[in-house]
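*Asks:* One file: protein.pdb (PDB, C-alpha atoms).
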ATOM      1  CA  MET A   1      94.276  52.748  86.576
ATOM      2  CA  SER A   2      92.551  55.893  85.311
ATOM      3  CA  ASP A   3      90.700  55.788  81.999
ATOM      4  CA  LEU A   4      92.906  58.733  81.040
ATOM      5  CA  GLU A   5      96.196  56.985  81.786
ATOM      6  CA  VAL A   6      98.608  56.822  78.854
ATOM      7  CA  THR A   7     101.943  55.119  78.298
ATOM      8  CA  THR A   8     104.959  57.164  77.334
ATOM      9  CA  LYS A   9     107.664  55.103  75.688
ATOM     10  CA  PRO A  10     111.017  56.854  75.279
ATOM     11  CA  GLY A  11     111.187  58.472  71.865
ATOM     12  CA  SER A  12     107.425  58.635  71.457
ATOM     13  CA  SER A  13     105.507  61.850  70.788
ATOM     14  CA  LEU A  14     103.837  61.722  74.199
ATOM     15  CA  HIS A  15     107.173  61.123  75.940
ATOM     16  CA  ARG A  16     108.589  64.173  74.204
ATOM     17  CA  PHE A  17     105.512  66.197  75.173
ATOM     18  CA  PHE A  18     105.588  65.171  78.835
ATOM     19  CA  THR A  19     109.324  65.226  79.501
ATOM     20  CA  GLY A  20     110.926  67.252  76.707
ATOM     21  CA  LYS A  21     113.123  70.140  77.806
ATOM     22  CA  THR A  22     113.519  71.775  74.396
ATOM     23  CA  TRP A  23     111.866  75.141  73.769
ATOM     24  CA  ALA A  24     109.315  73.493  71.467
ATOM     25  CA  ALA A  25     108.307  70.868  74.049
ATOM     26  CA  VAL A  26     108.062  73.351  76.908
ATOM     27  CA  TYR A  27     105.910  75.730  74.868
ATOM     28  CA  ALA A  28     103.785  72.890  73.537
ATOM     29  CA  ARG A  29     102.751  72.219  77.142
ATOM     30  CA  LYS A  30     102.171  75.920  77.753
ATOM     31  CA  SER A  31     100.181  76.391  74.532
ATOM     32  CA  LEU A  32      97.396  73.863  75.015
ATOM     33  CA  PRO A  33      95.706  75.517  78.042
ATOM     34  CA  VAL A  34      95.707  78.824  76.147
ATOM     35  CA  LEU A  35      94.167  77.216  73.066
ATOM     36  CA  VAL A  36      91.505  75.503  75.177
ATOM     37  CA  ARG A  37      90.719  78.831  76.850
ATOM     38  CA  TRP A  38      90.220  80.402  73.414
ATOM     39  CA  VAL A  39      87.904  77.561  72.410
ATOM     40  CA  GLU A  40      85.855  77.978  75.572
ATOM     41  CA  GLU A  41      85.625  81.729  75.007
ATOM     42  CA  GLU A  42      84.271  81.085  71.513
ATOM     43  CA  LYS A  43      81.690  78.643  72.896
ATOM     44  CA  SER A  44      80.589  81.200  75.493
ATOM     45  CA  LYS A  45      79.922  83.867  72.860
ATOM     46  CA  HIS A  46      77.220  81.761  71.165
ATOM     47  CA  SER A  47      78.164  83.410  67.898
ATOM     48  CA  ALA A  48      78.376  81.928  64.422
ATOM     49  CA  SER A  49      81.572  83.854  63.741
ATOM     50  CA  ILE A  50      84.856  82.714  65.282
ATOM     51  CA  ARG A  51      87.591  85.225  65.945
ATOM     52  CA  GLU A  52      90.877  84.723  64.132
ATOM     53  CA  HIS A  53      93.797  83.865  66.412
ATOM     54  CA  THR A  54      97.341  84.349  65.139
ATOM     55  CA  TYR A  55     100.767  82.914  65.928
ATOM     56  CA  LYS A  56     101.807  86.320  67.267
ATOM     57  CA  GLU A  57      98.775  86.396  69.560
ATOM     58  CA  LEU A  58      99.624  82.978  70.960
ATOM     59  CA  ALA A  59     103.273  83.920  71.447
ATOM     60  CA  THR A  60     102.175  87.103  73.239
ATOM     61  CA  ALA A  61      99.777  85.157  75.478
ATOM     62  CA  LEU A  62     102.725  82.933  76.439
ATOM     63  CA  GLY A  63     104.881  85.951  77.274
ATOM     64  CA  ASN A  64     107.113  85.726  74.185
ATOM     65  CA  ALA A  65     105.677  88.078  71.562
ATOM     66  CA  TRP A  66     108.945  87.957  69.615
ATOM     67  CA  ASN A  67     108.662  84.184  69.146
ATOM     68  CA  ALA A  68     105.692  84.142  66.770
ATOM     69  CA  HIS A  69     107.562  82.101  64.167
ATOM     70  CA  PRO A  70     109.145  79.467  66.485
ATOM     71  CA  ILE A  71     105.707  78.825  68.017
ATOM     72  CA  HIS A  72     105.073  76.709  64.885
ATOM     73  CA  PHE A  73     107.488  74.109  66.271
ATOM     74  CA  ALA A  74     105.729  74.002  69.641
ATOM     75  CA  LEU A  75     102.386  73.481  67.893
ATOM     76  CA  GLY A  76     103.931  70.658  65.904
ATOM     77  CA  VAL A  77     104.971  68.898  69.116
ATOM     78  CA  LEU A  78     101.454  69.429  70.460
ATOM     79  CA  GLY A  79      99.871  68.047  67.293
ATOM     80  CA  ASP A  80     102.005  64.901  67.404
ATOM     81  CA  ALA A  81     101.084  64.351  71.058
ATOM     82  CA  LEU A  82      97.356  64.698  70.352
ATOM     83  CA  GLU A  83      97.562  62.174  67.529
ATOM     84  CA  GLU A  84      99.306  59.634  69.750
ATOM     85  CA  LEU A  85      96.843  60.316  72.571
ATOM     86  CA  GLN A  86      93.986  59.537  70.186
ATOM     87  CA  LYS A  87      95.641  56.275  69.138
ATOM     88  CA  GLN A  88      96.175  55.153  72.727
ATOM     89  CA  LEU A  89      92.673  56.063  73.950
ATOM     90  CA  PRO A  90      90.424  55.921  70.875
ATOM     91  CA  ALA A  91      87.209  55.376  72.836
ATOM     92  CA  THR A  92      87.835  58.102  75.409
ATOM     93  CA  PHE A  93      87.711  61.244  73.308
ATOM     94  CA  GLY A  94      84.925  60.581  70.825
ATOM     95  CA  SER A  95      85.529  59.987  67.132
ATOM     96  CA  LYS A  96      88.705  62.074  66.848
ATOM     97  CA  ILE A  97      90.520  64.805  68.723
ATOM     98  CA  PRO A  98      90.551  67.774  66.326
ATOM     99  CA  PRO A  99      93.953  69.364  65.608
ATOM    100  CA  ILE A 100      93.516  72.308  67.971
ATOM    101  CA  GLN A 101      96.838  73.759  66.802
ATOM    102  CA  LEU A 102      95.069  74.701  63.538
ATOM    103  CA  LEU A 103      93.072  77.248  65.530
ATOM    104  CA  VAL A 104      96.147  79.470  65.131
ATOM    105  CA  TRP A 105      96.525  81.212  61.768
ATOM    106  CA  THR A 106      99.132  83.247  59.955
ATOM    107  CA  GLN A 107      98.138  86.885  60.251
ATOM    108  CA  GLY A 108      96.502  88.124  57.056
ATOM    109  CA  ALA A 109      96.618  84.716  55.339
ATOM    110  CA  GLY A 110      93.175  83.511  56.345
ATOM    111  CA  ARG A 111      94.557  80.094  57.304
ATOM    112  CA  PRO A 112      97.267  78.339  59.347
ATOM    113  CA  GLY A 113     100.839  77.999  58.123
ATOM    114  CA  ASP A 114     101.780  75.380  55.546
ATOM    115  CA  ASP A 115     103.197  72.852  58.024
ATOM    116  CA  ALA A 116      99.924  72.739  59.959
ATOM    117  CA  PHE A 117      98.060  71.057  57.107
ATOM    118  CA  SER A 118     100.114  67.893  57.573
ATOM    119  CA  PHE A 119      97.831  67.170  60.541
ATOM    120  CA  VAL A 120      94.853  66.895  58.185
ATOM    121  CA  GLY A 121      96.632  64.689  55.661
ATOM    122  CA  ILE A 122      98.005  67.339  53.278
ATOM    123  CA  LYS A 123     101.758  67.249  52.800
ATOM    124  CA  LYS A 124     103.593  70.539  52.439
ATOM    125  CA  LYS A 125     104.860  69.605  48.957
ATOM    126  CA  ASP A 126     101.261  69.140  47.777
ATOM    127  CA  LEU A 127      99.953  72.521  48.954
ATOM    128  CA  LYS A 128     100.908  74.377  45.764
ATOM    129  CA  ALA A 129      98.496  72.247  43.775
ATOM    130  CA  ILE A 130      95.574  73.267  45.998
ATOM    131  CA  PRO A 131      93.833  76.619  45.377
ATOM    132  CA  GLU A 132      94.284  79.097  48.201
ATOM    133  CA  SER A 133      90.505  79.485  48.467
ATOM    134  CA  THR A 134      90.179  75.743  49.084
ATOM    135  CA  LEU A 135      92.767  75.859  51.875
ATOM    136  CA  ARG A 136      90.973  78.782  53.523
ATOM    137  CA  THR A 137      87.624  77.017  53.326
ATOM    138  CA  LEU A 138      89.181  73.898  54.836
ATOM    139  CA  ALA A 139      90.760  75.965  57.619
ATOM    140  CA  VAL A 140      87.404  77.530  58.502
ATOM    141  CA  GLU A 141      85.736  74.113  58.653
ATOM    142  CA  ILE A 142      88.503  72.675  60.851
ATOM    143  CA  ARG A 143      88.198  75.675  63.154
ATOM    144  CA  ARG A 144      84.458  74.991  63.554
ATOM    145  CA  GLU A 145      85.214  71.367  64.458
ATOM    146  CA  ILE A 146      87.781  72.484  67.038
ATOM    147  CA  VAL A 147      85.325  74.848  68.737
ATOM    148  CA  ALA A 148      82.475  72.299  68.606
ATOM    149  CA  TYR A 149      84.572  69.500  70.160
ATOM    150  CA  PRO A 150      83.225  68.833  73.698
ATOM    151  CA  HIS A 151      86.110  67.021  75.410
ATOM    152  CA  TRP A 152      88.961  69.550  75.633
ATOM    153  CA  ARG A 153      89.007  69.474  79.437
ATOM    154  CA  ARG A 154      89.441  65.684  79.320
ATOM    155  CA  VAL A 155      92.303  66.139  76.873
ATOM    156  CA  LEU A 156      93.951  68.587  79.268
ATOM    157  CA  LYS A 157      93.549  66.127  82.145
ATOM    158  CA  ALA A 158      94.999  63.255  80.113
ATOM    159  CA  LEU A 159      98.006  65.424  79.298
ATOM    160  CA  LYS A 160      98.333  66.396  82.988
ATOM    161  CA  LEU A 161      97.542  70.045  82.339
ATOM    162  CA  LYS A 162      95.075  72.362  84.050
ATOM    163  CA  PRO A 163      92.615  74.733  82.376
ATOM    164  CA  PHE A 164      92.809  78.469  82.927
ATOM    165  CA  LEU A 165      90.382  79.482  85.658
ATOM    166  CA  ILE A 166      89.209  82.986  86.513
ATOM    167  CA  ASP A 167      89.541  84.136  90.126
ATOM    168  CA  LEU A 168      85.887  85.136  90.515
ATOM    169  CA  PRO A 169      83.704  85.113  93.649
ATOM    170  CA  THR A 170      80.833  82.658  94.027
ATOM    171  CA  THR A 171      77.461  83.635  92.584
ATOM    172  CA  ASN A 172      76.037  83.959  96.119
ATOM    173  CA  THR A 173      78.858  86.332  97.073
ATOM    174  CA  VAL A 174      78.120  88.482  94.038
ATOM    175  CA  THR A 175      74.352  88.643  94.436
ATOM    176  CA  SER A 176      74.514  89.285  98.205
ATOM    177  CA  ASP A 177      76.984  92.159  97.829
ATOM    178  CA  PRO A 178      75.421  95.454  99.043
ATOM    179  CA  GLY A 179      76.545  97.139  95.829
ATOM    180  CA  PHE A 180      74.951  94.564  93.520
ATOM    181  CA  GLY A 181      72.581  96.504  91.292
ATOM    182  CA  GLY A 182      72.885  99.656  93.332
ATOM    183  CA  ARG A 183      70.113  98.443  95.587
ATOM    184  CA  GLY A 184      68.052 100.778  97.686
ATOM    185  CA  GLY A 185      69.106 104.192  96.457
ATOM    186  CA  GLY A 186      67.728 104.578  92.947
ATOM    187  CA  GLU A 187      69.891 106.009  90.182
ATOM    188  CA  SER A 188      72.949 107.909  91.377
ATOM    189  CA  SER A 189      73.923 111.266  89.898
ATOM    190  CA  ASP A 190      77.180 109.659  88.702
ATOM    191  CA  HIS A 191      75.291 106.988  86.751
ATOM    192  CA  LEU A 192      72.973 109.629  85.288
ATOM    193  CA  ARG A 193      75.905 111.793  84.173
ATOM    194  CA  LEU A 194      77.756 108.870  82.558
ATOM    195  CA  LYS A 195      74.611 107.744  80.726
ATOM    196  CA  HIS A 196      73.960 111.219  79.315
ATOM    197  CA  TYR A 197      77.616 111.775  78.519
ATOM    198  CA  ILE A 198      77.799 108.635  76.363
ATOM    199  CA  ALA A 199      74.519 109.490  74.607
ATOM    200  CA  GLU A 200      75.845 112.953  73.719
ATOM    201  CA  ASN A 201      79.497 111.985  73.132
ATOM    202  CA  TYR A 202      79.343 108.553  71.519
ATOM    203  CA  THR A 203      82.513 109.252  69.534
ATOM    204  CA  ARG A 204      84.328 108.594  72.821
ATOM    205  CA  ILE A 205      83.467 104.893  72.442
ATOM    206  CA  GLY A 206      84.848 104.781  68.909
ATOM    207  CA  LEU A 207      81.696 105.426  66.874
ATOM    208  CA  LYS A 208      81.912 107.513  63.741
ATOM    209  CA  GLY A 209      79.204 109.306  61.837
ATOM    210  CA  ARG A 210      75.819 110.448  63.029
ATOM    211  CA  HIS A 211      73.888 108.278  65.490
ATOM    212  CA  SER A 212      70.538 108.680  67.166
ATOM    213  CA  ALA A 213      70.515 107.931  70.882
ATOM    214  CA  GLN A 214      67.785 106.727  73.214
ATOM    215  CA  LEU A 215      68.023 106.675  76.979
ATOM    216  CA  GLU A 216      66.394 103.859  78.958
ATOM    217  CA  HIS A 217      65.201 102.045  75.834
ATOM    218  CA  VAL A 218      62.581  99.462  76.827
ATOM    219  CA  LEU A 219      63.050  95.914  75.509
ATOM    220  CA  LEU A 220      60.367  93.296  74.912
ATOM    221  CA  SER A 221      61.658  91.551  78.039
ATOM    222  CA  GLY A 222      60.771  94.640  80.060
ATOM    223  CA  ASP A 223      64.423  95.504  80.689
ATOM    224  CA  GLU A 224      65.716  99.004  80.018
ATOM    225  CA  ILE A 225      69.014  99.658  78.249
ATOM    226  CA  ASP A 226      70.913 102.695  79.506
ATOM    227  CA  VAL A 227      71.782 103.972  76.022
ATOM    228  CA  LEU A 228      70.736 102.603  72.632
ATOM    229  CA  LEU A 229      72.593 104.035  69.643
ATOM    230  CA  GLU A 230      71.587 103.625  66.016
ATOM    231  CA  PRO A 231      73.721 104.881  63.113
ATOM    232  CA  ALA A 232      72.045 106.989  60.455
ATOM    233  CA  ILE A 233      73.262 104.708  57.653
ATOM    234  CA  ASP A 234      74.035 101.158  58.794
ATOM    235  CA  ARG A 235      71.419  98.641  59.928
ATOM    236  CA  LYS A 236      72.894  98.262  63.368
ATOM    237  CA  LEU A 237      72.101  98.823  67.045
ATOM    238  CA  ILE A 238      74.713  99.522  69.707
ATOM    239  CA  ALA A 239      73.418  98.873  73.212
ATOM    240  CA  VAL A 240      75.434 100.446  76.015
ATOM    241  CA  GLU A 241      75.230  99.484  79.664
ATOM    242  CA  VAL A 242      76.991 102.009  81.928
ATOM    243  CA  LYS A 243      78.502 101.586  85.351
ATOM    244  CA  SER A 244      79.705 104.657  87.223
ATOM    245  CA  ARG A 245      82.773 105.095  89.382
ATOM    246  CA  LEU A 246      80.616 104.081  92.370
ATOM    247  CA  SER A 247      79.946 100.557  91.106
ATOM    248  CA  SER A 248      81.326  97.722  93.201
ATOM    249  CA  ASP A 249      83.083  94.717  91.659
ATOM    250  CA  ALA A 250      79.817  92.790  92.081
ATOM    251  CA  ASP A 251      77.916  95.443  90.136
ATOM    252  CA  LEU A 252      80.527  95.339  87.375
ATOM    253  CA  ILE A 253      80.013  91.579  87.122
ATOM    254  CA  ARG A 254      76.278  92.242  86.958
ATOM    255  CA  GLY A 255      76.963  94.706  84.141
ATOM    256  CA  VAL A 256      78.713  91.995  82.113
ATOM    257  CA  PHE A 257      75.692  89.710  82.506
ATOM    258  CA  GLN A 258      73.298  92.542  81.683
ATOM    259  CA  CYS A 259      75.158  92.923  78.381
ATOM    260  CA  VAL A 260      74.858  89.190  77.706
ATOM    261  CA  LYS A 261      71.115  89.401  78.382
ATOM    262  CA  TYR A 262      70.548  92.505  76.254
ATOM    263  CA  ARG A 263      72.422  90.978  73.322
ATOM    264  CA  ALA A 264      70.210  87.881  73.443
ATOM    265  CA  VAL A 265      66.989  89.886  73.755
ATOM    266  CA  LEU A 266      67.902  92.327  70.985
ATOM    267  CA  ASN A 267      68.834  89.499  68.616
ATOM    268  CA  ALA A 268      65.560  87.747  69.472
ATOM    269  CA  THR A 269      63.697  91.012  68.837
ATOM    270  CA  GLU A 270      65.182  91.208  65.357
ATOM    271  CA  ASP A 271      63.907  87.659  64.749
ATOM    272  CA  TYR A 272      60.521  88.771  66.064
ATOM    273  CA  GLU A 273      60.393  91.654  63.588
ATOM    274  CA  THR A 274      61.527  89.429  60.715
ATOM    275  CA  SER A 275      58.805  86.902  61.514
ATOM    276  CA  ARG A 276      56.053  89.525  61.383
ATOM    277  CA  SER A 277      57.151  91.626  58.406
ATOM    278  CA  LEU A 278      58.403  90.690  54.942
ATOM    279  CA  SER A 279      59.990  94.113  54.550
ATOM    280  CA  TRP A 280      61.981  94.047  57.789
ATOM    281  CA  LEU A 281      65.753  94.125  57.336
ATOM    282  CA  PRO A 282      67.462  92.693  60.425
ATOM    283  CA  ARG A 283      69.922  94.918  62.232
ATOM    284  CA  ALA A 284      73.294  93.770  63.544
ATOM    285  CA  ILE A 285      73.566  93.909  67.335
ATOM    286  CA  GLU A 286      76.562  95.173  69.259
ATOM    287  CA  ILE A 287      76.834  95.389  73.040
ATOM    288  CA  LEU A 288      79.218  97.540  75.049
ATOM    289  CA  LEU A 289      79.843  97.892  78.773
ATOM    290  CA  VAL A 290      81.080 101.391  79.636
ATOM    291  CA  THR A 291      82.558 101.967  83.083
ATOM    292  CA  GLU A 292      84.159 104.928  84.812
ATOM    293  CA  ARG A 293      86.540 102.736  86.783
ATOM    294  CA  ALA A 294      88.901 100.144  85.385
ATOM    295  CA  LEU A 295      87.589  96.599  85.468
ATOM    296  CA  PRO A 296      89.456  94.246  87.825
ATOM    297  CA  THR A 297      91.427  91.642  85.886
ATOM    298  CA  PRO A 298      89.013  88.769  86.690
ATOM    299  CA  VAL A 299      86.067  90.835  85.435
ATOM    300  CA  CYS A 300      88.032  91.687  82.271
ATOM    301  CA  ASP A 301      88.634  87.986  81.737
ATOM    302  CA  LEU A 302      84.950  87.236  82.338
ATOM    303  CA  ALA A 303      83.875  89.893  79.826
ATOM    304  CA  LYS A 304      86.271  88.529  77.238
ATOM    305  CA  ARG A 305      85.082  84.972  77.828
ATOM    306  CA  LEU A 306      81.446  86.010  77.365
ATOM    307  CA  GLY A 307      82.183  88.153  74.316
ATOM    308  CA  VAL A 308      81.326  91.470  75.976
ATOM    309  CA  ALA A 309      83.308  94.488  74.786
ATOM    310  CA  TYR A 310      84.072  97.115  77.406
ATOM    311  CA  SER A 311      85.470 100.613  77.568
ATOM    312  CA  VAL A 312      86.595 102.868  80.423
ATOM    313  CA  ILE A 313      85.328 106.442  80.007
ATOM    314  CA  LYS A 314      85.675 109.178  82.608
ATOM    315  CA  VAL A 315      83.102 111.965  82.537
ATOM    316  CA  PRO A 316      84.743 115.425  82.550
ATOM    317  CA  GLU A 317      84.022 117.426  85.692
ATOM    318  CA  THR A 318      82.681 120.227  83.506
ATOM    319  CA  PHE A 319      80.010 118.071  81.861
ATOM    320  CA  GLN A 320      76.430 119.069  82.618
ATOM    321  CA  VAL A 321      73.406 116.861  82.038
ATOM    322  CA  SER A 322      71.180 118.383  79.380
ATOM    323  CA  ILE A 323      67.703 117.439  78.121
ATOM    324  CA  PRO A 324      67.471 113.644  77.613
ATOM    325  CA  VAL A 325      68.541 112.528  74.165
ATOM    326  CA  SER A 326      65.922 110.729  72.067
ATOM    327  CA  SER A 327      65.581 109.404  68.550
TER     328      SER A 327
END
Reformat the file's structure so that it appears as structure tokens.
*Replies:*
Amino acid sequence: MSDLEVTTKPGSSLHRFFTGKTWAAVYARKSLPVLVRWVEEEKSKHSASIREHTYKELATALGNAWNAHPIHFALGVLGDALEELQKQLPATFGSKIPPIQLLVWTQGAGRPGDDAFSFVGIKKKDLKAIPESTLRTLAVEIRREIVAYPHWRRVLKALKLKPFLIDLPTTNTVTSDPGFGGRGGGESSDHLRLKHYIAENYTRIGLKGRHSAQLEHVLLSGDEIDVLLEPAIDRKLIAVEVKSRLSSDADLIRGVFQCVKYRAVLNATEDYETSRSLSWLPRAIEILLVTERALPTPVCDLAKRLGVAYSVIKVPETFQVSIPVSS
């Protein structure tokens, strides 16, 4: 008998979860892999901030954007099943399985819906006596516990569900691809044009106001960023890695990892400056991958999982490379 084997007595929460044919039971089973994927994406970002996920977003991810309100019932079924799973296998999942359904919030409310708090011991009738600020603070703390919990894949296995996987090639396949890193030919004219175009037309990637731009900015790691943008007012840096229309899928994957690397190095550089100067004011770091060709769906999923924003920008045929932009 597996250490993840559970009993499902008729009428129990787990029996309803496993065998229920109601809309709520079916979508409870569909919801958990999505929620676990969101948790794993948050872990991969290595960021202190956690993105807000809404009932509408979950309903959309499940292919039913119009069912944002009924999704509450599915999350209730899921919550009941997790509580019973914890009771049956208390030693298997650590101290307590967090109520992952509380990862989903009401849009604009800064917290989950009222019914969700029953899973942390607060009855709906008692909510009015609790300040809204207290509920929001509690929701943020619960969300941190959900993301920090290390056993979500075991929970999925115990509930006979599979995690979402991305259809990506092996690392050896990527690194041995002839197009990985544009080996052997130096910088192409297409890459040069895209790099200059973004430096001179940064409004195309959604930036407003005046920015200075540097091409091939050298980092303390020795790496060079294609374009580094700095707004005239805000303490912020926007690092842009570009991939032209010639880039292979392998080179696009490399671009995602270059962004991950640059983000880490730039954040570490801000720490370096803070450690050597009392007057240094740290700058926020943003990373963007700009490509001329659309990212394949698996690469999109990879970028999202690793917290890398991306944008598809096509350089006009009439654009001419001018003198390199500098700060």
*Asks:* Let me make sure I understand: among A:Glu5, A:Glu42, A:Glu273, A:Asp251, which one has the smallest atom-to-atom distance to Val308 of chain A if we use only C-alpha atoms?
*Replies:*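 So, comparing all the options, the nearest one is A:Glu42.
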*Asks:* Measuring between only C-alpha atoms, which one of A:Ala109, A:Thr203, A:Lys208, A:Pro99 shows the shortest distance to Gly121 of chain A?
*Replies:*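 Among A:Ala109, A:Thr203, A:Lys208, A:Pro99, it is A:Pro99 that comes nearest to Gly121 of chain A.
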*Asks:* For Ser95 of chain A, work out the shell of residues within 12 Å, counting all atoms listed in the file and skipping chain neighbours fewer than 6 positions away, then give it as an MDAnalysis selection string.
*Replies:* chainID A and resid 86:87 89 145 149:151
*Asks:* Would you write out, as a list in words, every residue that the PyMOL selection byres ((chain A and resi 100) around 8) captures in this file?
*Replies:*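 Applying the expression gives Leu35, Gly79, Pro98, Pro99, Gln101, Leu102, Leu103, Arg143 and Ile146 of chain A.
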*Asks:* Would you compute, for all listed atoms of segment 83-89 of chain A, the axis-aligned bounding box grown by 5 Å on each side, and then report its centre and edge lengths in Å rounded to one decimal, as lines of an AutoDock Vina configuration file?
*Replies:*
center_x = 96.0
center_y = 58.7
center_z = 70.7
size_x = 16.6
size_y = 17.0
size_z = 16.4
*Asks:* Report as a list in words the full result of the PyMOL selection byres ((chain A and resi 160) around 12) when it is applied to this structure.
*Replies:* Leu4, Glu5, Val6, Leu14, Phe17, Phe18, Thr19, Arg29, Lys30, Leu32, Pro33, Arg153, Arg154, Val155, Leu156, Lys157, Ala158, Leu159, Leu161, Lys162 and Pro163 of chain A
*Asks:* Give me the residues near Ser118 of chain A as a compact mmCIF listing (two decimals) with C-alpha atoms, keeping the file's coordinate frame, where near means some atom within 12 Å (using all atoms listed in the file) and where sequence neighbours in that chain fewer than 4 positions away do not count.
*Replies:*
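Result file is selection.txt:
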# COMPACT_ATOMS: atom_id res chain seq x y z
CA LEU A 75 102.39 73.48 67.89
CA GLY A 76 103.93 70.66 65.90
CA GLY A 79 99.87 68.05 67.29
CA ASP A 80 102.00 64.90 67.40
CA GLU A 83 97.56 62.17 67.53
CA PRO A 99 93.95 69.36 65.61
CA GLN A 101 96.84 73.76 66.80
CA LEU A 102 95.07 74.70 63.54
CA PRO A 112 97.27 78.34 59.35
CA GLY A 113 100.84 78.00 58.12
CA ASP A 114 101.78 75.38 55.55
CA ILE A 122 98.00 67.34 53.28
CA LYS A 123 101.76 67.25 52.80
CA LYS A 124 103.59 70.54 52.44
CA LYS A 125 104.86 69.60 48.96
CA ASP A 126 101.26 69.14 47.78
CA LEU A 127 99.95 72.52 48.95
*Asks:* Could you please give me, as a compact mmCIF listing (two decimals) with C-alpha atoms, in the frame of the given file, the residues of protein, DNA or RNA lying at most 12 Å from (87.5, 84.6, 93.5) in the coordinate frame of the file, considering all atoms listed in the file?
*Replies:*
# COMPACT_ATOMS: atom_id res chain seq x y z
CA LEU A 165 90.38 79.48 85.66
CA ILE A 166 89.21 82.99 86.51
CA ASP A 167 89.54 84.14 90.13
CA LEU A 168 85.89 85.14 90.52
CA PRO A 169 83.70 85.11 93.65
CA THR A 170 80.83 82.66 94.03
CA THR A 171 77.46 83.64 92.58
CA ASN A 172 76.04 83.96 96.12
CA THR A 173 78.86 86.33 97.07
CA VAL A 174 78.12 88.48 94.04
CA ASP A 249 83.08 94.72 91.66
CA ALA A 250 79.82 92.79 92.08
CA PRO A 296 89.46 94.25 87.82
CA THR A 297 91.43 91.64 85.89
CA PRO A 298 89.01 88.77 86.69
CA VAL A 299 86.07 90.84 85.44
CA LEU A 302 84.95 87.24 82.34
*Asks:* Taking (69.9, 100.2, 65.8) in the file's coordinates, which residues come within 10 Å, counting all atoms listed in the file, written as a list in words?
*Replies:*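 Residues found, by chain and rising number: His211, Ser212, Ala213, Leu228, Leu229, Glu230, Pro231, Ala232, Ile233, Asp234, Arg235, Lys236, Leu237, Ile238, Ala239, Leu266, Pro282, Arg283, Ala284, Ile285 and Glu286 of chain A.
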*Asks:* Go ahead and save the residues from that selection, with C-alpha atoms, as a PDB file, in the coordinates of the input.
*Replies:*
ATOM      1  CA  HIS A 211      73.888 108.278  65.490  1.00  0.00           C
ATOM      2  CA  SER A 212      70.538 108.680  67.166  1.00  0.00           C
ATOM      3  CA  ALA A 213      70.515 107.931  70.882  1.00  0.00           C
ATOM      4  CA  LEU A 228      70.736 102.603  72.632  1.00  0.00           C
ATOM      5  CA  LEU A 229      72.593 104.035  69.643  1.00  0.00           C
ATOM      6  CA  GLU A 230      71.587 103.625  66.016  1.00  0.00           C
ATOM      7  CA  PRO A 231      73.721 104.881  63.113  1.00  0.00           C
ATOM      8  CA  ALA A 232      72.045 106.989  60.455  1.00  0.00           C
ATOM      9  CA  ILE A 233      73.262 104.708  57.653  1.00  0.00           C
ATOM     10  CA  ASP A 234      74.035 101.158  58.794  1.00  0.00           C
ATOM     11  CA  ARG A 235      71.419  98.641  59.928  1.00  0.00           C
ATOM     12  CA  LYS A 236      72.894  98.262  63.368  1.00  0.00           C
ATOM     13  CA  LEU A 237      72.101  98.823  67.045  1.00  0.00           C
ATOM     14  CA  ILE A 238      74.713  99.522  69.707  1.00  0.00           C
ATOM     15  CA  ALA A 239      73.418  98.873  73.212  1.00  0.00           C
ATOM     16  CA  LEU A 266      67.902  92.327  70.985  1.00  0.00           C
ATOM     17  CA  PRO A 282      67.462  92.693  60.425  1.00  0.00           C
ATOM     18  CA  ARG A 283      69.922  94.918  62.232  1.00  0.00           C
ATOM     19  CA  ALA A 284      73.294  93.770  63.544  1.00  0.00           C
ATOM     20  CA  ILE A 285      73.566  93.909  67.335  1.00  0.00           C
ATOM     21  CA  GLU A 286      76.562  95.173  69.259  1.00  0.00           C
TER      22      GLU A 286
END
*Asks:* Show which residues sit within 9 Å of segment 54-58 of chain A, as a list of chain:residue names. Count all atoms listed in the file, and ignore same-chain residues fewer than 5 positions away.
*Replies:*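 Everything that qualifies: A:Ser31, A:Val34, A:Leu35, A:Gly63, A:Asn64, A:Ala65, A:Trp66, A:Asn67, A:Ala68, A:His69, A:Ile71, A:His72, A:Leu103, A:Val104, A:Trp105, A:Thr106, A:Gln107, A:Gly108, A:Pro112.
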*Asks:* Would you kindly translate the PyMOL selection byres ((chain A and resi 262) around 12) into the concrete residues it picks from this file, as an NGL selection string?
*Replies:* :A and (217-228 or 237-241 or 255-261 or 263-269 or 285-289 or 308)
*Asks:* Which distance in Å separates atom CA of Gly110 of chain A and atom CA of Ala81 of chain A, to one decimal?
*Replies:*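 For atom CA of Gly110 of chain A relative to atom CA of Ala81 of chain A, the distance reads 25.4 Å.
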